[in-house]
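Q: Enclosed is the structure file input-v9.tsv (TSV, C-alpha atoms).
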```
chain	number	residue	atom	x	y	z
J	450	MET	CA	-34.14	-32.75	-10.75
J	451	LEU	CA	-36.35	-29.96	-9.38
J	452	ALA	CA	-34.54	-30.09	-6.01
J	453	ALA	CA	-31.20	-29.64	-7.78
J	454	VAL	CA	-32.53	-26.56	-9.60
J	455	ALA	CA	-33.85	-25.07	-6.33
J	456	VAL	CA	-30.48	-25.56	-4.64
J	457	ALA	CA	-28.71	-23.91	-7.57
J	458	LEU	CA	-30.98	-20.87	-7.31
J	459	ILE	CA	-30.47	-20.30	-3.57
J	460	ALA	CA	-26.84	-21.36	-3.29
J	461	PRO	CA	-24.47	-18.40	-3.06
J	462	SER	CA	-22.77	-17.52	-6.30
J	463	ALA	CA	-19.05	-16.95	-6.68
J	464	ASP	CA	-17.51	-14.20	-4.60
J	465	PRO	CA	-18.73	-10.76	-5.62
J	466	ASP	CA	-16.67	-8.68	-8.02
J	467	LEU	CA	-14.83	-6.06	-5.97
J	468	SER	CA	-12.46	-5.07	-8.78
J	469	TRP	CA	-13.94	-1.55	-8.67
J	470	ILE	CA	-11.79	-0.91	-5.56
J	471	ALA	CA	-8.53	-1.57	-7.47
J	472	GLY	CA	-6.32	1.42	-8.22
J	473	TYR	CA	-4.47	4.30	-6.62
J	474	TRP	CA	-6.69	6.64	-4.60
J	475	LEU	CA	-5.78	10.02	-3.09
J	476	ASP	CA	-7.58	12.21	-0.49
J	477	CYS	CA	-6.11	15.69	0.03
J	478	SER	CA	-8.80	17.07	2.38
J	479	GLY	CA	-8.25	18.65	5.78
J	480	GLY	CA	-4.59	19.43	5.15
J	481	ARG	CA	-3.69	15.74	5.20
J	482	GLU	CA	-2.54	13.41	2.44
J	483	VAL	CA	-4.10	9.95	2.44
J	484	SER	CA	-3.43	7.41	-0.28
J	485	GLU	CA	-4.84	3.92	-0.71
J	486	THR	CA	-3.50	1.48	-3.26
J	487	TRP	CA	-5.38	-1.72	-4.15
J	488	SER	CA	-4.30	-4.48	-6.49
J	489	ASP	CA	-6.75	-5.98	-8.93
J	490	PRO	CA	-8.23	-9.30	-7.76
J	491	ARG	CA	-6.05	-12.29	-8.56
J	492	ALA	CA	-7.15	-15.79	-7.60
J	493	GLY	CA	-9.73	-14.20	-5.28
J	494	LEU	CA	-7.24	-11.97	-3.43
J	495	MET	CA	-6.75	-8.19	-3.45
J	496	VAL	CA	-3.88	-6.56	-1.54
J	497	GLY	CA	-3.91	-2.99	-0.36
J	498	HIS	CA	-2.01	-0.46	1.66
J	499	ALA	CA	-2.75	3.02	2.93
J	500	LEU	CA	-0.44	5.85	3.93
J	501	THR	CA	-1.54	8.95	5.86
J	502	LEU	CA	0.53	12.11	6.31
J	503	SER	CA	-1.09	14.47	8.81
J	504	PRO	CA	-0.67	18.28	8.64
J	505	SER	CA	1.77	17.99	11.58
J	506	GLY	CA	3.95	15.54	9.62
J	507	ARG	CA	2.83	12.43	11.55
J	508	VAL	CA	2.82	9.31	9.37
J	509	SER	CA	0.61	6.25	9.75
J	510	PHE	CA	0.06	3.21	7.56
J	511	GLU	CA	-2.14	0.17	7.14
J	512	MET	CA	-1.70	-3.08	5.27
J	513	ALA	CA	-4.87	-4.89	4.19
J	514	ARG	CA	-6.20	-7.66	2.01
J	515	ILE	CA	-9.59	-8.71	0.76
J	516	GLY	CA	-9.91	-12.42	0.20
J	517	PRO	CA	-11.12	-15.74	1.48
J	518	THR	CA	-10.94	-16.49	5.23
J	519	PRO	CA	-12.50	-19.29	7.31
J	520	GLN	CA	-15.36	-16.84	8.03
J	521	GLY	CA	-15.93	-16.12	4.32
J	522	LEU	CA	-14.79	-13.30	2.04
J	523	ALA	CA	-13.31	-10.62	4.28
J	524	TYR	CA	-11.30	-7.43	4.61
J	525	VAL	CA	-8.31	-8.20	6.83
J	526	ALA	CA	-6.76	-5.04	8.30
J	527	GLN	CA	-3.37	-4.53	9.94
J	528	PRO	CA	-3.10	-0.84	10.89
J	529	GLY	CA	0.41	0.18	11.88
J	530	GLY	CA	1.58	-3.42	11.59
J	531	ALA	CA	-0.86	-4.65	14.28
J	532	PRO	CA	-2.08	-8.24	14.27
J	533	PRO	CA	-4.76	-8.93	11.64
J	534	THR	CA	-8.40	-8.04	12.34
J	535	VAL	CA	-11.00	-9.74	10.14
J	536	PHE	CA	-14.09	-7.89	8.83
J	537	VAL	CA	-16.43	-10.27	6.98
J	538	LEU	CA	-18.25	-9.09	3.87
J	539	ALA	CA	-21.84	-8.44	5.00
J	540	GLU	CA	-23.26	-6.58	1.99
J	541	SER	CA	-22.17	-6.03	-1.58
J	542	ALA	CA	-23.57	-4.46	-4.70
J	543	PRO	CA	-21.93	-3.09	-7.83
J	544	GLY	CA	-19.78	-0.24	-6.52
J	545	GLY	CA	-20.44	-0.87	-2.82
J	546	ALA	CA	-19.34	-3.18	-0.01
J	547	VAL	CA	-19.76	-3.37	3.76
J	548	PHE	CA	-17.42	-5.43	5.94
J	549	VAL	CA	-18.35	-6.15	9.58
J	550	ASN	CA	-16.69	-7.32	12.80
J	551	GLU	CA	-19.17	-6.81	15.66
J	552	THR	CA	-16.60	-7.93	18.27
J	553	ASN	CA	-14.24	-5.07	17.37
J	554	ASP	CA	-15.32	-1.80	18.98
J	555	PHE	CA	-13.65	0.62	16.55
J	556	PRO	CA	-14.11	0.15	13.81
J	557	SER	CA	-16.81	-2.49	13.68
J	558	ARG	CA	-17.84	-1.63	10.10
J	559	ILE	CA	-15.79	-0.74	7.02
J	560	ILE	CA	-17.79	0.68	4.13
J	561	TYR	CA	-16.55	1.33	0.58
J	562	ALA	CA	-18.51	2.92	-2.26
J	563	ARG	CA	-17.41	4.03	-5.70
J	564	ASP	CA	-19.04	6.58	-7.96
J	565	GLY	CA	-16.99	7.20	-11.11
J	566	ASP	CA	-13.52	8.43	-10.14
J	567	VAL	CA	-14.46	8.87	-6.46
J	568	LEU	CA	-13.98	6.12	-3.86
J	569	THR	CA	-15.53	6.78	-0.47
J	570	ALA	CA	-14.33	4.89	2.58
J	571	ARG	CA	-15.99	5.05	5.99
J	572	ILE	CA	-15.33	3.30	9.28
J	573	GLU	CA	-17.88	3.14	12.07
J	574	GLY	CA	-17.94	1.83	15.62
J	575	THR	CA	-17.82	2.90	19.24
J	576	ILE	CA	-15.13	4.49	21.39
J	577	ASP	CA	-15.80	4.67	25.15
J	578	GLY	CA	-19.44	3.80	24.47
J	579	GLN	CA	-19.90	6.66	22.00
J	580	ALA	CA	-20.73	6.11	18.33
J	581	ARG	CA	-17.88	7.32	16.12
J	582	ALA	CA	-17.16	7.42	12.40
J	583	MET	CA	-14.41	8.57	10.07
J	584	SER	CA	-14.74	9.11	6.31
J	585	TRP	CA	-12.44	9.62	3.35
J	586	SER	CA	-13.27	10.76	-0.15
J	587	PHE	CA	-10.59	9.55	-2.53
J	588	ARG	CA	-10.10	10.52	-6.16
J	589	SER	CA	-8.52	8.21	-8.68
J	590	ALA	CA	-4.95	9.37	-9.33
J	591	PRO	CA	-1.81	8.24	-11.15
J	592	LEU	CA	0.30	5.82	-9.09
J	593	ASN	CA	2.25	7.66	-6.37
J	594	ALA	CA	0.65	11.05	-7.10
J	595	ARG	CA	0.93	13.51	-4.21
J	596	CYS	CA	-1.32	16.25	-2.90
J	597	PRO	CA	-0.42	19.78	-3.96
J	598	ALA	CA	1.98	21.44	-1.52
```
Written as structure tokens, how would this file's structure read?
A:
Amino acid sequence: MLAAVAVALIAPSADPDLSWIAGYWLDCSGGREVSETWSDPRAGLMVGHALTLSPSGRVSFEMARIGPTPQGLAYVAQPGGAPPTVFVLAESAPGGAVFVNETNDFPSRIIYARDGDVLTARIEGTIDGQARAMSWSFRSAPLNARCPA
């Protein structure tokens, strides 16, 4: 009986609640327009997409999902329609999550944090042996809202 209780205490609990990522998020900094849209979790799966319009008019996109993989709960990214890259959940807390893929040079880490109506996203890794990072600060917005012209 005591062994069963000990196992229950150290066994991982159900997947963490990442529902705080769900919603429509907009970053209008630096003359660009970046939106991320995330579904609420359903049966352990969240689906997202991002669209970036640069000041020059260049458009890029990414499809992503957060859900179960053979490696565990993971963020699976497909920027520009590329083949999937898996980033396994390494850390989570209420309002924060870090996903890692040490075999991918850039990014090797994807970090999300939420504080009220602000969702911060950051990617980190190396390019040509140099540490690099990119960050976004999104605000919650109505679905399909646009940055002011």
Q: For segment 585-592 of chain J, find every residue with an atom within 6 Å (counting all atoms listed in the file), except residues of its own chain fewer than 4 positions away, and show them as a count of residues only.
A: 9
Q: Could you check how far atom CA of Asp564 of chain J sits from atom CA of Ala598 of chain J, in Å to one decimal?
A: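 Computing the Euclidean distance for atom CA of Asp564 of chain J and atom CA of Ala598 of chain J yields 26.5 Å.
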Q: Using only C-alpha atoms, find the one residue out of J:Ala546, J:Val496, J:Val508, J:Val483 that sits nearest to Ala594 of chain J.
A: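 Residue with the minimum atom-to-atom distance to Ala594 of chain J: J:Val483.
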Q: Out of J:Ser484, J:Ser541, J:Ser509, J:Asn553, which residue has the shortest atom-to-atom distance to Asp464 of chain J when counting all atoms listed in the file?
A: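 Selected residue with least distance to Asp464 of chain J: J:Ser541.
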Q: Using all atoms listed in the file, pick whichever of J:Ile559, J:Pro490, J:Asp577, J:Gly506 has the shortest atom-to-atom distance to Gly545 of chain J.
A: J:Ile559
Q: Taking the point (-19.9, -0.8, 16.7) as given in the file, collect each protein or nucleic acid residue that comes within 6 Å of it, counting all atoms listed in the file, and present the set as a JSON list (two decimals) with C-alpha atoms, in the frame of the given file.
A:
```
[["chain", "number", "residue", "atom", "x", "y", "z"],
["J", 554, "ASP", "CA", -15.32, -1.80, 18.98],
["J", 557, "SER", "CA", -16.81, -2.49, 13.68],
["J", 574, "GLY", "CA", -17.94, 1.83, 15.62],
["J", 575, "THR", "CA", -17.82, 2.90, 19.24]]
```
Q: Please put the answer as lines of an AutoDock Vina configuration file: centre and edge lengths, in Å with one decimal, of a box along x, y and z that encloses all listed atoms of segment 559-574 of chain J plus 4 Å on each side.
A:
```
center_x = -16.3
center_y = 4.1
center_z = 2.3
size_x = 13.5
size_y = 17.6
size_z = 34.7
```
Q: Scan for residues within 12 Å of the point (-18.0, -6.0, 15.1) in the coordinates of the file, using only C-alpha atoms, and reply as a list in words.
A: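 Taken together, the residues in range are Thr534, Val535, Phe536, Val537, Leu538, Ala539, Val547, Phe548, Val549, Asn550, Glu551, Thr552, Asn553, Asp554, Phe555, Pro556, Ser557, Arg558, Ile559, Ile572, Glu573, Gly574 and Thr575 of chain J.
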Q: Using only C-alpha atoms, which residue out of J:Pro519, J:Ala542, J:Gln527, J:Gly479 lies closest to Gly497 of chain J?
A: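 With only C-alpha atoms as the atom set, the closest residue is J:Gln527.
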Q: Could you check the closest approach to Gly493 of chain J for each of J:Gly544, J:Gly472, J:Gly480, J:Pro465 and tell me which residue wins, using only C-alpha atoms?
A: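 Among J:Gly544, J:Gly472, J:Gly480, J:Pro465, it is J:Pro465 that comes nearest to Gly493 of chain J.
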Q: When you draw a straight line from atom CA of Glu485 of chain J to atom CA of Glu511 of chain J, how long is it in Å?
A: 9.1 Å
Q: With distances taken over all atoms listed in the file, which of J:Met495, J:Ile470, J:Met583, J:Ile560 is nearest to Ile515 of chain J?
A: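 Ranked by minimum distance to Ile515 of chain J, first place goes to J:Met495.
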Q: Assuming the input is short of atoms at segment 547-558 of chain J, produce all heavy atoms for that part as an mmCIF file, in the coordinates of the input.
A:
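Generated file (out.cif):
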```cif
data_model
loop_
_atom_site.group_PDB
_atom_site.id
_atom_site.type_symbol
_atom_site.label_atom_id
_atom_site.label_comp_id
_atom_site.auth_asym_id
_atom_site.auth_seq_id
_atom_site.Cartn_x
_atom_site.Cartn_y
_atom_site.Cartn_z
ATOM 1 N N VAL J 547 -19.799 -3.606 2.316
ATOM 2 C CA VAL J 547 -19.760 -3.370 3.760
ATOM 3 C C VAL J 547 -19.137 -4.602 4.415
ATOM 4 O O VAL J 547 -19.596 -5.728 4.188
ATOM 5 C CB VAL J 547 -21.174 -3.137 4.340
ATOM 6 C CG1 VAL J 547 -21.110 -2.939 5.851
ATOM 7 C CG2 VAL J 547 -21.852 -1.951 3.655
ATOM 8 N N PHE J 548 -18.113 -4.379 5.212
ATOM 9 C CA PHE J 548 -17.420 -5.430 5.940
ATOM 10 C C PHE J 548 -17.671 -5.211 7.434
ATOM 11 O O PHE J 548 -17.599 -4.068 7.905
ATOM 12 C CB PHE J 548 -15.921 -5.391 5.653
ATOM 13 C CG PHE J 548 -15.577 -5.547 4.197
ATOM 14 C CD1 PHE J 548 -15.475 -4.441 3.371
ATOM 15 C CD2 PHE J 548 -15.363 -6.805 3.650
ATOM 16 C CE1 PHE J 548 -15.150 -4.566 2.022
ATOM 17 C CE2 PHE J 548 -15.051 -6.946 2.303
ATOM 18 C CZ PHE J 548 -14.936 -5.830 1.490
ATOM 19 N N VAL J 549 -17.926 -6.292 8.192
ATOM 20 C CA VAL J 549 -18.350 -6.150 9.580
ATOM 21 C C VAL J 549 -17.560 -7.071 10.503
ATOM 22 O O VAL J 549 -17.280 -8.219 10.159
ATOM 23 C CB VAL J 549 -19.863 -6.466 9.707
ATOM 24 C CG1 VAL J 549 -20.331 -6.417 11.148
ATOM 25 C CG2 VAL J 549 -20.684 -5.522 8.847
ATOM 26 N N ASN J 550 -17.233 -6.536 11.695
ATOM 27 C CA ASN J 550 -16.690 -7.320 12.800
ATOM 28 C C ASN J 550 -17.310 -6.747 14.067
ATOM 29 O O ASN J 550 -16.810 -5.763 14.617
ATOM 30 C CB ASN J 550 -15.163 -7.244 12.855
ATOM 31 C CG ASN J 550 -14.585 -8.036 14.003
ATOM 32 O OD1 ASN J 550 -15.212 -8.235 15.033
ATOM 33 N ND2 ASN J 550 -13.340 -8.474 13.844
ATOM 34 N N GLU J 551 -18.424 -7.334 14.510
ATOM 35 C CA GLU J 551 -19.170 -6.810 15.660
ATOM 36 C C GLU J 551 -18.397 -6.940 16.975
ATOM 37 O O GLU J 551 -18.732 -6.267 17.939
ATOM 38 C CB GLU J 551 -20.534 -7.481 15.771
ATOM 39 C CG GLU J 551 -21.463 -7.181 14.611
ATOM 40 C CD GLU J 551 -21.847 -5.704 14.475
ATOM 41 O OE1 GLU J 551 -21.743 -4.947 15.457
ATOM 42 O OE2 GLU J 551 -22.258 -5.317 13.364
ATOM 43 N N THR J 552 -17.369 -7.778 17.028
ATOM 44 C CA THR J 552 -16.600 -7.930 18.270
ATOM 45 C C THR J 552 -15.511 -6.875 18.403
ATOM 46 O O THR J 552 -14.908 -6.734 19.463
ATOM 47 C CB THR J 552 -15.981 -9.334 18.385
ATOM 48 O OG1 THR J 552 -15.031 -9.516 17.334
ATOM 49 C CG2 THR J 552 -17.050 -10.414 18.307
ATOM 50 N N ASN J 553 -15.248 -6.139 17.352
ATOM 51 C CA ASN J 553 -14.240 -5.070 17.370
ATOM 52 C C ASN J 553 -14.977 -3.756 17.637
ATOM 53 O O ASN J 553 -15.904 -3.417 16.912
ATOM 54 C CB ASN J 553 -13.507 -5.027 16.020
ATOM 55 C CG ASN J 553 -12.193 -4.297 16.092
ATOM 56 O OD1 ASN J 553 -11.350 -4.653 16.894
ATOM 57 N ND2 ASN J 553 -12.021 -3.303 15.259
ATOM 58 N N ASP J 554 -14.564 -3.011 18.672
ATOM 59 C CA ASP J 554 -15.320 -1.800 18.980
ATOM 60 C C ASP J 554 -15.121 -0.695 17.940
ATOM 61 O O ASP J 554 -16.078 -0.110 17.453
ATOM 62 C CB ASP J 554 -15.050 -1.297 20.404
ATOM 63 C CG ASP J 554 -13.595 -1.366 20.818
ATOM 64 O OD1 ASP J 554 -12.811 -2.027 20.141
ATOM 65 O OD2 ASP J 554 -13.243 -0.773 21.850
ATOM 66 N N PHE J 555 -13.876 -0.400 17.585
ATOM 67 C CA PHE J 555 -13.650 0.620 16.550
ATOM 68 C C PHE J 555 -12.474 0.238 15.686
ATOM 69 O O PHE J 555 -11.373 0.078 16.207
ATOM 70 C CB PHE J 555 -13.401 1.999 17.170
ATOM 71 C CG PHE J 555 -13.461 3.086 16.126
ATOM 72 C CD1 PHE J 555 -14.671 3.607 15.717
ATOM 73 C CD2 PHE J 555 -12.310 3.543 15.513
ATOM 74 C CE1 PHE J 555 -14.737 4.591 14.734
ATOM 75 C CE2 PHE J 555 -12.355 4.521 14.537
ATOM 76 C CZ PHE J 555 -13.578 5.046 14.154
ATOM 77 N N PRO J 556 -12.776 0.120 14.406
ATOM 78 C CA PRO J 556 -14.110 0.150 13.810
ATOM 79 C C PRO J 556 -14.773 -1.214 13.918
ATOM 80 O O PRO J 556 -14.095 -2.231 14.064
ATOM 81 C CB PRO J 556 -13.847 0.513 12.362
ATOM 82 C CG PRO J 556 -12.500 -0.088 12.074
ATOM 83 C CD PRO J 556 -11.733 0.031 13.367
ATOM 84 N N SER J 557 -16.082 -1.227 13.787
ATOM 85 C CA SER J 557 -16.810 -2.490 13.680
ATOM 86 C C SER J 557 -17.369 -2.668 12.267
ATOM 87 O O SER J 557 -17.774 -3.765 11.911
ATOM 88 C CB SER J 557 -17.947 -2.564 14.712
ATOM 89 O OG SER J 557 -18.843 -1.491 14.548
ATOM 90 N N ARG J 558 -17.383 -1.575 11.493
ATOM 91 C CA ARG J 558 -17.840 -1.630 10.100
ATOM 92 C C ARG J 558 -16.884 -0.846 9.217
ATOM 93 O O ARG J 558 -16.443 0.246 9.580
ATOM 94 C CB ARG J 558 -19.242 -1.010 9.961
ATOM 95 C CG ARG J 558 -20.320 -1.830 10.614
ATOM 96 C CD ARG J 558 -21.663 -1.106 10.692
ATOM 97 N NE ARG J 558 -22.099 -0.435 9.501
ATOM 98 C CZ ARG J 558 -22.932 -0.926 8.594
ATOM 99 N NH1 ARG J 558 -23.405 -2.142 8.741
ATOM 100 N NH2 ARG J 558 -23.311 -0.220 7.553
#
```
